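Here the structure comes first, spelled out in C-alpha cells, and everything after it is commentary.
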Amino acid sequence: MRFLEASIESLGAKITGWFAVGYGTFAFLGRALLLLLDRTTWNRATFDVVVKQVYFTAVQILHVFLGYALIISWLIVTIILSTAREFGLTEFAMEMTIRVLVLELLPFLTALFVALRSGSAINTEIALMRVNNELDALAHCKVPPMQFEFLPRLIGGVVSVVALASLAGLLALLLAYLSIYGLSMAGFEAFTRTVARIFDFRIVAGLAVKCALFGLAVTLIPVTAGLETPKKLFMVPVSVLRGMMRVFFAIVAIEVLSLALKYI
Amino acid sequence: MTALGDDVARVAPDLPLRANLSALDNIALIPLYQRHYDAADSARQALAMLDALGHATIAPLRDPDMTPAQRFVTQLARALMLRRPRLVIDRPGAMLYDVPYPDFIRRLAAQPAMSGTWDIYDFSWNQVLYPR
C-alpha cells in the first residue's frame with residue numbers, strides 16, 4: 001500500500017513538473033513575442049546581436065553543414081534510385097527523393113545539427129550566466145537580458161534553421177537532378193513539373209512553419225532550461241542534460257505532428 | 001546591500017562582468033542599451049572611461065584574462081558609466097586581492113575625471129586599513 005502511495009505521489013510530482021516546465025516555456029515565449037511587437041526592441045544594438053547570432057549559428061558552420069548535407073543527400077538519393085530501379089518504379093524516384101529528403105529528413109537533421117552545436121552551447125552559457133550572477137549584474141545595470149541575450153538567440157535560431165534547411169533542400173534537389181538526368185537538360189521540364197506539383201502553397205507554408213518551430217525549439221528550450229538552473233555550479237551539466245532531452249523530444253514531436261498533418 | 005535603490009551604482013563581487021565580452025564591451029553596454037547610442041559611439045565612451053581611470057590598455061581583455069585589479073577597474077568603469085548619484089564599492093577586499101586596495105582605490109578616485117560620492121563598505125576588521 002505504501003509502495004502504491006509513493007508511486008502515485010512520484011507520478012503526480014513528475015506530471016506537475018512537466019506542466020510547470022511547459023507553462024514556463026510558453027510564458028517565456030509569450031513575453032518574447034510581446035517584446036517583438038514593441039517598437040523600442042528594434043534598435044541597432046538588438047539588430048547587431050541578432051546578426052552576430054545568425055553568424056555564429058549558421059554562417060560559421062556553413063561549409064561543414066553543406067558537406068554533411070551533400071553526403072547524406074547523395075546516400076539517400078542513391079538508395080532511393082537503386083531501389084526504384086530494382087522495382088521498376090523509376091518514374092516515382094524524383095518525387096520520392098523530394099518528399100523524403102527535402103520535406104522531412106533534411107529539416108529534421110538541420111534542427112538536430114543546430115541543437116547539438118548551438119542549443120547545447122546556449123543552454124550552458126545561460127546556466128553559467130545564472131549561476132555566476134551575470135544576469136543580476138545586467139539587471140543592476142538596467143540592460144534588459146531579454147533584449148540583449150535571449151531574444152537575439154531565438155531570432156537567430158529560427159533564421160538559421162530556416163536558412164540552413166532551405167540551402168540543404170536546394171542542394172538535395174540539384175543532386176537529385178544530377179543523379180537522375182546527369183548533366184543533360186533533357187529532364188529539366190519533367191523535373192520542374194514534379195517540383196511544382198509537390199511544392200504547392202500548403203506544403204511550402206507547412207515546411208516553413210515546421211523549420212521555424214524547429215528553430216524555436218532548439219533555442220527557446222535551452223534558454224528556459226538554463227534559466228531554471230539552481231545557483232550551484234554542479235547543476236550546470238544537469239541543466240544541459242535536461243535541456244537537450246527536452247529539445248530532442250520537442251523536435252521529434254514537431255516532426256511527428258507535421259507527418260500526421262500531411263499524411264493522415 | 002542588494003536592497004540599495006536605483007540611484008546607487010554598485011561595484012561588488014556578486015555583480016560580475018559578462019564573461020564572454022571584453023572590458024570595453026561590458027562598459028559599452030550601458031550607453032548602447034540605456035542611452036541608445038550606436039555601437040561605435042558607445043565603444044568610444046567606454047574607452048574614454050577606461051582611459052580616465054588610467055587603464056585603456058585592458059579594453060580588449062575578457063574577464064578570465066584579467067587580473068583581479070583589472071577586473072575591478074572594469075567593474076568600476078561600468079558603474080561610473082551608469083552615472084548614478086552614488087557609487088558603492090562593496091567588500092573591495094574580496095575583489096582586489098592582488099593589490100594594496102585602499103591605496104589602489106584612492107589612486108583611481110584621484111584621477112582628474114572622477115567626481116561624485118564614493119562609499120566603501122568593508123568588513124569591520126579591515127577598518128585599520130582606512131586612516132581617519
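We name chains A, B, ... following the order of the C-alpha cells; residues begin at 1 in each chain, and ligands are numbered from 1 as shown.
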
Taking only C-alpha atoms into account, produce a table as a Markdown table in which each residue of chain A with an atom at most 9 Å from an atom of chain B appears once, together with its shortest atom pair and the distance in Å to one decimal, ordered by chain and rising number.
```
| residue | atom | partner | partner_atom | distance |
| --- | --- | --- | --- | --- |
| A:Asn43 | CA | B:His36 | CA | 7.8 |
| A:Arg44 | CA | B:Asp38 | CA | 6.7 |
| A:Ala45 | CA | B:Leu32 | CA | 6.5 |
| A:Thr46 | CA | B:Tyr33 | CA | 8.8 |
| A:Asp48 | CA | B:Ala39 | CA | 8.7 |
| A:Met129 | CA | B:Arg18 | CA | 7.8 |
| A:Asn132 | CA | B:Pro16 | CA | 7.4 |
| A:Asn133 | CA | B:Asp14 | CA | 6.3 |
| A:Glu134 | CA | B:Pro16 | CA | 5.8 |
| A:Leu135 | CA | B:Arg18 | CA | 8.5 |
| A:Asp136 | CA | B:Leu15 | CA | 6.7 |
| A:Ala137 | CA | B:Leu15 | CA | 4.5 |
| A:Leu138 | CA | B:Leu15 | CA | 8.2 |
| A:His140 | CA | B:Leu15 | CA | 7.9 |
| A:Cys141 | CA | B:Leu82 | CA | 6.9 |
| A:Lys142 | CA | B:Gln34 | CA | 7.1 |
| A:Val143 | CA | B:Tyr33 | CA | 6.0 |
| A:Pro144 | CA | B:Tyr33 | CA | 7.9 |
| A:Phe148 | CA | B:Tyr33 | CA | 8.4 |
```

(message) Would you pick out the contacts of stretch 90-97 of chain A at 12 Å or less, using only C-alpha atoms, so that residues sharing its chain but fewer than 5 positions from it are not included, and give the list as a ChimeraX atom specification?
(response) /A:72-85,102-106,169,172-181,187-188,190-199

(message) One decimal, in Å: what's the spacing between atom CA of A:Ile254 and atom CA of A:Leu34?
(response)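 Between these atoms lies a distance of 23.3 Å.
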
(request) Using only C-alpha atoms, find the one residue out of A:Thr57, A:Ser7, A:Ser258, A:Thr41 that sits nearest to A:Leu116. (result)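 That would be A:Thr57, the residue with the smallest distance to A:Leu116.
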
(message) Rounded to one decimal, what separation in Å do you get between atom CA of A:Ala260 and atom CA of A:Gly206?
(response)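 These two atoms are separated by 12.0 Å.
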
(message) Which of stretch 4-192 of chain A end up as alpha helix (DSSP H) when DSSP is run on this backbone - answer as number ranges by chain?
(response) A: 4-37, 44-54, 62-86, 93-97, 106-114, 120-131, 134-140, 145, 151-181, 188-192

(request) Could you tell me which of B:Phe104, B:Leu80, B:Gln75, B:Asp51 comes closest to B:Asp63 if we count only C-alpha atoms? (result) B:Gln75

(message) I want to know what sits within 10 Å of A:Glu228, based on only C-alpha atoms, with residues of the same chain fewer than 6 positions away left out; could you give that as number ranges by chain?
(response) A: 21, 24, 126-127, 130, 222, 239, 243

Writer output for current selection, C-alpha atoms, as a PDB file, in the first residue's frame:
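Result file follows (part-v4.pdb):
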```pdb
ATOM      1  CA  VAL A  21       8.186  23.356 -17.375  1.00  0.00           C
ATOM      2  CA  GLY A  24       7.370  28.303 -18.010  1.00  0.00           C
ATOM      3  CA  ILE A 126      22.660  30.805 -19.872  1.00  0.00           C
ATOM      4  CA  ALA A 127      23.069  28.345 -16.980  1.00  0.00           C
ATOM      5  CA  ARG A 130      22.638  32.477 -13.957  1.00  0.00           C
ATOM      6  CA  PRO A 222      17.860  25.658 -23.957  1.00  0.00           C
ATOM      7  CA  SER A 239      20.586  21.679 -16.690  1.00  0.00           C
ATOM      8  CA  GLY A 243      17.502  20.970 -21.756  1.00  0.00           C
TER       9      GLY A 243
END
```

(message) Just checking: using only C-alpha atoms, which residue out of A:Leu33, A:Ala121, A:Met245, A:Val100 ends up closest to A:Phe56?
(response)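 Result for the nearest residue to A:Phe56: A:Ala121.
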
(message) Using only C-alpha atoms for the distances, tell me which of A:Leu167, A:Met244, A:Leu154, A:Ala225 is nearest to A:Ala212.
(response)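 Once distances to A:Ala212 are computed over only C-alpha atoms, the minimum belongs to A:Leu154.
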
(request) Using only C-alpha atoms, determine which residues lie at most 9 Å from stretch 107-109 of chain A, disregarding the query and same-chain residues fewer than 5 positions distant; provide the list as a ChimeraX atom specification. (result) /A:69,101-102,114,161-162,164-166,168-169,207,210-211,214,251-252,255

Got time to write the residues from that selection, N, CA and C atoms, as a tab-separated table (two decimals), in the first residue's frame?
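Output (again_1.tsv):
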```tsv
chain	number	residue	atom	x	y	z
A	69	ALA	N	25.33	17.77	-45.52
A	69	ALA	CA	24.06	17.66	-46.27
A	69	ALA	C	24.30	16.97	-47.62
A	101	LEU	N	13.70	13.54	-48.66
A	101	LEU	CA	14.87	14.36	-48.31
A	101	LEU	C	14.51	15.80	-47.98
A	102	VAL	N	13.90	16.47	-48.95
A	102	VAL	CA	13.71	17.93	-48.82
A	102	VAL	C	12.64	18.27	-47.79
A	114	VAL	N	21.82	21.95	-35.46
A	114	VAL	CA	21.85	23.24	-34.75
A	114	VAL	C	21.65	23.03	-33.25
A	161	VAL	N	17.90	28.00	-38.77
A	161	VAL	CA	17.36	26.69	-39.16
A	161	VAL	C	16.62	26.80	-40.49
A	162	VAL	N	15.82	27.88	-40.65
A	162	VAL	CA	15.08	28.06	-41.92
A	162	VAL	C	16.08	28.19	-43.08
A	164	LEU	N	19.37	27.29	-43.24
A	164	LEU	CA	20.19	26.08	-43.47
A	164	LEU	C	19.36	24.97	-44.11
A	165	ALA	N	18.11	24.80	-43.64
A	165	ALA	CA	17.26	23.75	-44.21
A	165	ALA	C	16.94	24.08	-45.68
A	166	SER	N	16.74	25.37	-45.98
A	166	SER	CA	16.46	25.76	-47.37
A	166	SER	C	17.67	25.46	-48.26
A	168	ALA	N	20.10	23.32	-47.71
A	168	ALA	CA	20.28	21.87	-47.83
A	168	ALA	C	19.26	21.29	-48.81
A	169	GLY	N	18.02	21.80	-48.75
A	169	GLY	CA	16.97	21.34	-49.67
A	169	GLY	C	17.32	21.62	-51.12
A	207	LEU	N	6.22	23.58	-44.57
A	207	LEU	CA	7.67	23.38	-44.41
A	207	LEU	C	8.30	24.58	-43.69
A	210	LYS	N	7.28	24.47	-40.06
A	210	LYS	CA	7.99	23.39	-39.36
A	210	LYS	C	9.43	23.81	-39.06
A	211	CYS	N	10.11	24.39	-40.05
A	211	CYS	CA	11.50	24.81	-39.84
A	211	CYS	C	11.58	25.91	-38.77
A	214	PHE	N	11.17	24.28	-35.48
A	214	PHE	CA	12.43	23.61	-35.13
A	214	PHE	C	13.43	24.64	-34.57
A	251	ILE	N	11.73	18.29	-30.92
A	251	ILE	CA	12.00	18.13	-32.36
A	251	ILE	C	11.23	16.93	-32.91
A	252	VAL	N	11.28	15.82	-32.17
A	252	VAL	CA	10.56	14.62	-32.62
A	252	VAL	C	9.06	14.89	-32.65
A	255	GLU	N	8.16	16.92	-35.69
A	255	GLU	CA	8.25	16.10	-36.90
A	255	GLU	C	7.05	15.15	-37.01
```
